[in-house]
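See below for the structure under consideration.
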Amino acid sequence: PKFDCHWTTFNFSGMEVDDRFNDPRYCVDFIRKNYYQIDSPSLYGDLVMYATENQDIKHSAVFLADDLAFTKYADNYRQPWMIVRLADMQAIYPTLKPIFFRRKTE
């Protein structure tokens, strides 16, 4: 598996690793079924996504608290998992729009 940002985001709170999150189509379908869009992240576990104008997700992270998120840049083993500030992540993707999601509750 490629341990990229999407794999990291969707496996973050799972009890078992799910390598299906290497497939972008699976991730999009998973979001549609299990999340709803919100205006801004405020709860631990909210998703932070950076997308093109066509809603093509280029980067994802998990909101932790305040202005911090957990993410991984690229699928390279030299790029560690890290905690980043939202503003720093936006600076890396200045042309992309942040979109936020929260998991549906049952």
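Residue numbering restarts at 1 in every chain; chains get A, B, ... in the order shown in the structure tokens, and ligands count up from 1 in that same order.
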Could you give me the residues within chain A that DSSP places in alpha helix (DSSP H), as JSON, numbers by chain?
{"A": [5, 6, 7, 8, 9, 10, 11, 24, 25, 26, 27, 28, 29, 30, 31, 32, 33, 34, 86, 87, 88, 89, 90, 91, 92]}
Save the residues we just selected, N, CA and C atoms, as a tab-separated table (two decimals), in the first residue's frame?
```tsv
chain	number	residue	atom	x	y	z
A	5	CYS	N	-1.41	10.66	2.24
A	5	CYS	CA	-2.29	11.44	3.10
A	5	CYS	C	-3.68	10.83	3.21
A	6	HIS	N	-4.23	10.32	2.11
A	6	HIS	CA	-5.59	9.77	2.15
A	6	HIS	C	-5.63	8.47	2.96
A	7	TRP	N	-4.67	7.59	2.74
A	7	TRP	CA	-4.58	6.36	3.51
A	7	TRP	C	-4.48	6.71	4.99
A	8	THR	N	-3.67	7.70	5.31
A	8	THR	CA	-3.48	8.14	6.69
A	8	THR	C	-4.76	8.71	7.28
A	9	THR	N	-5.41	9.59	6.55
A	9	THR	CA	-6.63	10.25	7.03
A	9	THR	C	-7.72	9.24	7.36
A	10	PHE	N	-7.96	8.31	6.46
A	10	PHE	CA	-9.09	7.40	6.66
A	10	PHE	C	-8.77	6.23	7.58
A	11	ASN	N	-7.51	5.94	7.79
A	11	ASN	CA	-7.13	4.90	8.74
A	11	ASN	C	-6.85	5.45	10.13
A	24	PRO	N	-8.57	6.16	-4.69
A	24	PRO	CA	-9.30	7.43	-4.56
A	24	PRO	C	-10.80	7.29	-4.75
A	25	ARG	N	-11.24	6.40	-5.62
A	25	ARG	CA	-12.69	6.21	-5.83
A	25	ARG	C	-13.35	5.66	-4.57
A	26	TYR	N	-12.67	4.76	-3.90
A	26	TYR	CA	-13.19	4.20	-2.66
A	26	TYR	C	-13.29	5.30	-1.60
A	27	CYS	N	-12.29	6.17	-1.53
A	27	CYS	CA	-12.30	7.28	-0.56
A	27	CYS	C	-13.48	8.21	-0.81
A	28	VAL	N	-13.71	8.58	-2.06
A	28	VAL	CA	-14.82	9.47	-2.39
A	28	VAL	C	-16.14	8.84	-2.01
A	29	ASP	N	-16.31	7.57	-2.32
A	29	ASP	CA	-17.54	6.87	-1.97
A	29	ASP	C	-17.70	6.77	-0.46
A	30	PHE	N	-16.60	6.54	0.25
A	30	PHE	CA	-16.62	6.46	1.70
A	30	PHE	C	-17.05	7.79	2.32
A	31	ILE	N	-16.55	8.89	1.78
A	31	ILE	CA	-16.96	10.22	2.26
A	31	ILE	C	-18.45	10.42	2.05
A	32	ARG	N	-18.93	10.12	0.86
A	32	ARG	CA	-20.36	10.31	0.55
A	32	ARG	C	-21.27	9.54	1.50
A	33	LYS	N	-20.86	8.34	1.86
A	33	LYS	CA	-21.69	7.49	2.70
A	33	LYS	C	-21.58	7.81	4.19
A	34	ASN	N	-20.41	8.30	4.61
A	34	ASN	CA	-20.14	8.38	6.04
A	34	ASN	C	-19.90	9.78	6.60
A	86	LEU	N	-3.00	24.30	10.48
A	86	LEU	CA	-3.85	24.44	9.29
A	86	LEU	C	-3.32	25.51	8.35
A	87	ALA	N	-2.85	26.62	8.89
A	87	ALA	CA	-2.33	27.71	8.04
A	87	ALA	C	-1.09	27.25	7.26
A	88	ASP	N	-0.25	26.45	7.88
A	88	ASP	CA	0.93	25.94	7.19
A	88	ASP	C	0.55	24.98	6.07
A	89	MET	N	-0.47	24.17	6.32
A	89	MET	CA	-0.94	23.25	5.29
A	89	MET	C	-1.55	24.02	4.13
A	90	GLN	N	-2.33	25.06	4.42
A	90	GLN	CA	-2.92	25.89	3.37
A	90	GLN	C	-1.82	26.56	2.56
A	91	ALA	N	-0.72	26.96	3.18
A	91	ALA	CA	0.39	27.60	2.48
A	91	ALA	C	1.05	26.65	1.48
A	92	ILE	N	1.02	25.36	1.77
A	92	ILE	CA	1.57	24.38	0.84
A	92	ILE	C	0.66	24.21	-0.37
```
Would you list the contacts of Ser40 in chain A as a PDB file with all heavy atoms, in the first residue's frame, taking every protein, DNA or RNA residue within 10 Å and counting only C-alpha atoms, but skipping same-chain residues closer than 2 positions in sequence?
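Once everything was written out, this is around-v8.pdb:
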```pdb
ATOM      1  N   GLN A  37     -20.611  17.611   4.817  1.00  0.00           N
ATOM      2  CA  GLN A  37     -19.759  18.795   4.747  1.00  0.00           C
ATOM      3  C   GLN A  37     -20.128  19.795   5.838  1.00  0.00           C
ATOM      4  O   GLN A  37     -21.296  19.961   6.176  1.00  0.00           O
ATOM      5  CB  GLN A  37     -19.885  19.460   3.375  1.00  0.00           C
ATOM      6  CG  GLN A  37     -18.809  20.484   3.124  1.00  0.00           C
ATOM      7  CD  GLN A  37     -18.722  20.897   1.664  1.00  0.00           C
ATOM      8  OE1 GLN A  37     -19.252  20.233   0.787  1.00  0.00           O
ATOM      9  NE2 GLN A  37     -18.043  21.999   1.414  1.00  0.00           N
ATOM     10  N   ILE A  38     -19.106  20.441   6.399  1.00  0.00           N
ATOM     11  CA  ILE A  38     -19.290  21.456   7.439  1.00  0.00           C
ATOM     12  C   ILE A  38     -18.536  22.718   7.039  1.00  0.00           C
ATOM     13  O   ILE A  38     -17.722  22.699   6.109  1.00  0.00           O
ATOM     14  CB  ILE A  38     -18.797  20.939   8.819  1.00  0.00           C
ATOM     15  CG1 ILE A  38     -17.331  20.510   8.749  1.00  0.00           C
ATOM     16  CG2 ILE A  38     -19.685  19.804   9.307  1.00  0.00           C
ATOM     17  CD1 ILE A  38     -16.726  20.083  10.070  1.00  0.00           C
ATOM     18  N   SER A  42     -14.071  21.707  13.908  1.00  0.00           N
ATOM     19  CA  SER A  42     -14.073  22.098  15.319  1.00  0.00           C
ATOM     20  C   SER A  42     -14.036  20.894  16.249  1.00  0.00           C
ATOM     21  O   SER A  42     -13.801  21.056  17.441  1.00  0.00           O
ATOM     22  CB  SER A  42     -15.297  22.958  15.630  1.00  0.00           C
ATOM     23  OG  SER A  42     -16.482  22.236  15.383  1.00  0.00           O
ATOM     24  N   LEU A  43     -14.271  19.702  15.725  1.00  0.00           N
ATOM     25  CA  LEU A  43     -14.258  18.494  16.550  1.00  0.00           C
ATOM     26  C   LEU A  43     -13.117  17.573  16.143  1.00  0.00           C
ATOM     27  O   LEU A  43     -12.825  17.428  14.943  1.00  0.00           O
ATOM     28  CB  LEU A  43     -15.572  17.721  16.406  1.00  0.00           C
ATOM     29  CG  LEU A  43     -16.833  18.391  16.923  1.00  0.00           C
ATOM     30  CD1 LEU A  43     -18.036  17.503  16.654  1.00  0.00           C
ATOM     31  CD2 LEU A  43     -16.716  18.709  18.405  1.00  0.00           C
ATOM     32  N   ASP A  46     -12.622  15.594  12.609  1.00  0.00           N
ATOM     33  CA  ASP A  46     -13.151  16.200  11.379  1.00  0.00           C
ATOM     34  C   ASP A  46     -12.104  16.059  10.278  1.00  0.00           C
ATOM     35  O   ASP A  46     -10.891  16.031  10.556  1.00  0.00           O
ATOM     36  CB  ASP A  46     -13.462  17.687  11.587  1.00  0.00           C
ATOM     37  CG  ASP A  46     -14.718  17.924  12.414  1.00  0.00           C
ATOM     38  OD1 ASP A  46     -15.494  16.976  12.640  1.00  0.00           O
ATOM     39  OD2 ASP A  46     -14.917  19.081  12.837  1.00  0.00           O
ATOM     40  N   LEU A  47     -12.561  15.987   9.040  1.00  0.00           N
ATOM     41  CA  LEU A  47     -11.641  15.873   7.913  1.00  0.00           C
ATOM     42  C   LEU A  47     -11.349  17.237   7.323  1.00  0.00           C
ATOM     43  O   LEU A  47     -12.245  18.069   7.193  1.00  0.00           O
ATOM     44  CB  LEU A  47     -12.225  14.977   6.825  1.00  0.00           C
ATOM     45  CG  LEU A  47     -12.585  13.555   7.209  1.00  0.00           C
ATOM     46  CD1 LEU A  47     -13.047  12.789   5.973  1.00  0.00           C
ATOM     47  CD2 LEU A  47     -11.432  12.847   7.890  1.00  0.00           C
ATOM     48  N   VAL A  48     -10.106  17.441   6.949  1.00  0.00           N
ATOM     49  CA  VAL A  48      -9.661  18.657   6.269  1.00  0.00           C
ATOM     50  C   VAL A  48      -9.168  18.213   4.898  1.00  0.00           C
ATOM     51  O   VAL A  48      -8.238  17.418   4.799  1.00  0.00           O
ATOM     52  CB  VAL A  48      -8.522  19.349   7.050  1.00  0.00           C
ATOM     53  CG1 VAL A  48      -8.077  20.605   6.323  1.00  0.00           C
ATOM     54  CG2 VAL A  48      -8.942  19.651   8.475  1.00  0.00           C
ATOM     55  N   PRO A  98      -9.933  24.703   0.845  1.00  0.00           N
ATOM     56  CA  PRO A  98     -10.170  23.748   1.930  1.00  0.00           C
ATOM     57  C   PRO A  98     -11.661  23.404   2.041  1.00  0.00           C
ATOM     58  O   PRO A  98     -12.520  24.271   1.929  1.00  0.00           O
ATOM     59  CB  PRO A  98      -9.676  24.484   3.172  1.00  0.00           C
ATOM     60  CG  PRO A  98      -9.772  25.922   2.831  1.00  0.00           C
ATOM     61  CD  PRO A  98      -9.605  26.034   1.341  1.00  0.00           C
ATOM     62  N   ILE A  99     -11.921  22.137   2.215  1.00  0.00           N
ATOM     63  CA  ILE A  99     -13.279  21.625   2.403  1.00  0.00           C
ATOM     64  C   ILE A  99     -13.232  20.768   3.664  1.00  0.00           C
ATOM     65  O   ILE A  99     -12.283  20.016   3.875  1.00  0.00           O
ATOM     66  CB  ILE A  99     -13.742  20.783   1.202  1.00  0.00           C
ATOM     67  CG1 ILE A  99     -13.659  21.578  -0.089  1.00  0.00           C
ATOM     68  CG2 ILE A  99     -15.149  20.259   1.418  1.00  0.00           C
ATOM     69  CD1 ILE A  99     -13.910  20.741  -1.330  1.00  0.00           C
ATOM     70  N   PHE A 100     -14.268  20.862   4.479  1.00  0.00           N
ATOM     71  CA  PHE A 100     -14.260  20.175   5.766  1.00  0.00           C
ATOM     72  C   PHE A 100     -15.456  19.229   5.870  1.00  0.00           C
ATOM     73  O   PHE A 100     -16.551  19.545   5.396  1.00  0.00           O
ATOM     74  CB  PHE A 100     -14.307  21.187   6.896  1.00  0.00           C
ATOM     75  CG  PHE A 100     -13.275  22.280   6.738  1.00  0.00           C
ATOM     76  CD1 PHE A 100     -13.657  23.555   6.365  1.00  0.00           C
ATOM     77  CD2 PHE A 100     -11.931  22.017   6.925  1.00  0.00           C
ATOM     78  CE1 PHE A 100     -12.715  24.556   6.213  1.00  0.00           C
ATOM     79  CE2 PHE A 100     -10.983  23.003   6.763  1.00  0.00           C
ATOM     80  CZ  PHE A 100     -11.374  24.287   6.417  1.00  0.00           C
ATOM     81  N   PHE A 101     -15.233  18.090   6.507  1.00  0.00           N
ATOM     82  CA  PHE A 101     -16.275  17.082   6.668  1.00  0.00           C
ATOM     83  C   PHE A 101     -16.293  16.562   8.101  1.00  0.00           C
ATOM     84  O   PHE A 101     -15.272  16.524   8.772  1.00  0.00           O
ATOM     85  CB  PHE A 101     -16.028  15.890   5.729  1.00  0.00           C
ATOM     86  CG  PHE A 101     -16.128  16.234   4.272  1.00  0.00           C
ATOM     87  CD1 PHE A 101     -15.008  16.610   3.554  1.00  0.00           C
ATOM     88  CD2 PHE A 101     -17.352  16.194   3.616  1.00  0.00           C
ATOM     89  CE1 PHE A 101     -15.082  16.923   2.215  1.00  0.00           C
ATOM     90  CE2 PHE A 101     -17.446  16.509   2.278  1.00  0.00           C
ATOM     91  CZ  PHE A 101     -16.307  16.869   1.574  1.00  0.00           C
ATOM     92  N   ARG A 102     -17.484  16.141   8.526  1.00  0.00           N
ATOM     93  CA  ARG A 102     -17.655  15.524   9.836  1.00  0.00           C
ATOM     94  C   ARG A 102     -18.362  14.180   9.646  1.00  0.00           C
ATOM     95  O   ARG A 102     -19.279  14.046   8.840  1.00  0.00           O
ATOM     96  CB  ARG A 102     -18.495  16.421  10.736  1.00  0.00           C
ATOM     97  CG  ARG A 102     -18.715  15.833  12.122  1.00  0.00           C
ATOM     98  CD  ARG A 102     -19.199  16.861  13.113  1.00  0.00           C
ATOM     99  NE  ARG A 102     -18.159  17.869  13.300  1.00  0.00           N
ATOM    100  CZ  ARG A 102     -18.398  19.150  13.582  1.00  0.00           C
ATOM    101  NH1 ARG A 102     -19.643  19.579  13.703  1.00  0.00           N
ATOM    102  NH2 ARG A 102     -17.399  19.998  13.751  1.00  0.00           N
TER     103      ARG A 102
END
```
Hey, what's within 9 Å of Val84 in chain A if we count only C-alpha atoms and toss same-chain stuff fewer than 4 positions away? As a PDB file with N, CA and C atoms, in the first residue's frame, please?
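After the write, result.pdb holds the following:
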```
ATOM      1  N   ASP A  67      -5.799  24.697  15.881  1.00  0.00           N
ATOM      2  CA  ASP A  67      -5.477  24.826  14.458  1.00  0.00           C
ATOM      3  C   ASP A  67      -4.501  23.736  14.034  1.00  0.00           C
ATOM      4  N   LEU A  68      -4.626  22.538  14.632  1.00  0.00           N
ATOM      5  CA  LEU A  68      -3.704  21.438  14.366  1.00  0.00           C
ATOM      6  C   LEU A  68      -4.396  20.277  13.658  1.00  0.00           C
ATOM      7  N   ALA A  69      -3.639  19.648  12.757  1.00  0.00           N
ATOM      8  CA  ALA A  69      -4.138  18.488  12.025  1.00  0.00           C
ATOM      9  C   ALA A  69      -3.032  17.446  11.925  1.00  0.00           C
ATOM     10  N   PHE A  70      -3.439  16.210  11.709  1.00  0.00           N
ATOM     11  CA  PHE A  70      -2.514  15.097  11.521  1.00  0.00           C
ATOM     12  C   PHE A  70      -2.534  14.726  10.053  1.00  0.00           C
ATOM     13  N   THR A  71      -1.348  14.588   9.444  1.00  0.00           N
ATOM     14  CA  THR A  71      -1.302  14.291   8.020  1.00  0.00           C
ATOM     15  C   THR A  71       0.026  13.663   7.643  1.00  0.00           C
ATOM     16  N   ASP A  88      -0.253  26.446   7.885  1.00  0.00           N
ATOM     17  CA  ASP A  88       0.933  25.939   7.192  1.00  0.00           C
ATOM     18  C   ASP A  88       0.548  24.983   6.071  1.00  0.00           C
ATOM     19  N   MET A  89      -0.473  24.174   6.319  1.00  0.00           N
ATOM     20  CA  MET A  89      -0.937  23.248   5.290  1.00  0.00           C
ATOM     21  C   MET A  89      -1.553  24.024   4.129  1.00  0.00           C
TER      22      MET A  89
END
```
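When DSSP is run on the backbone, the residues of range 15-87 of chain A that fall into strand (DSSP E) are Tyr35, Tyr36, Gln37, Ile38, Leu47, Val48, Met49, Tyr50, Ala51, Ile57, Lys58, His59, Ser60, Ala61, Val62, Phe63, Leu64, Ala65, Leu68, Ala69, Phe70, Thr71, Lys72, Trp81, Met82, Ile83, Val84 and Arg85 of chain A.
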Rounded to one decimal, what separation in Å do you get between CA of Ser60 in chain A and CA of Lys97 in chain A?
11.6 Å
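Candidate residues A:Gly45, A:Arg20, A:Pro1, A:Tyr50 were compared for distance to Ala65 in chain A, and the nearest is A:Gly45, using only C-alpha atoms.
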re CA of Ala51 in chain A and CA of Lys72 in chain A: distance 16.2 Å
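For the pair CA of Val62 in chain A and CA of Tyr35 in chain A, the interatomic distance is 13.0 Å.
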Counting only C-alpha atoms, closest pick from A:Asp18, A:Asn54, A:Asp4, A:Phe12 relative to Leu96 in chain A is A:Asn54
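In terms of minimum interatomic distance to Asp66 in chain A, A:Arg85 ranks closest within A:Arg85, A:Lys2, A:Lys104, A:Arg78, counting only C-alpha atoms.
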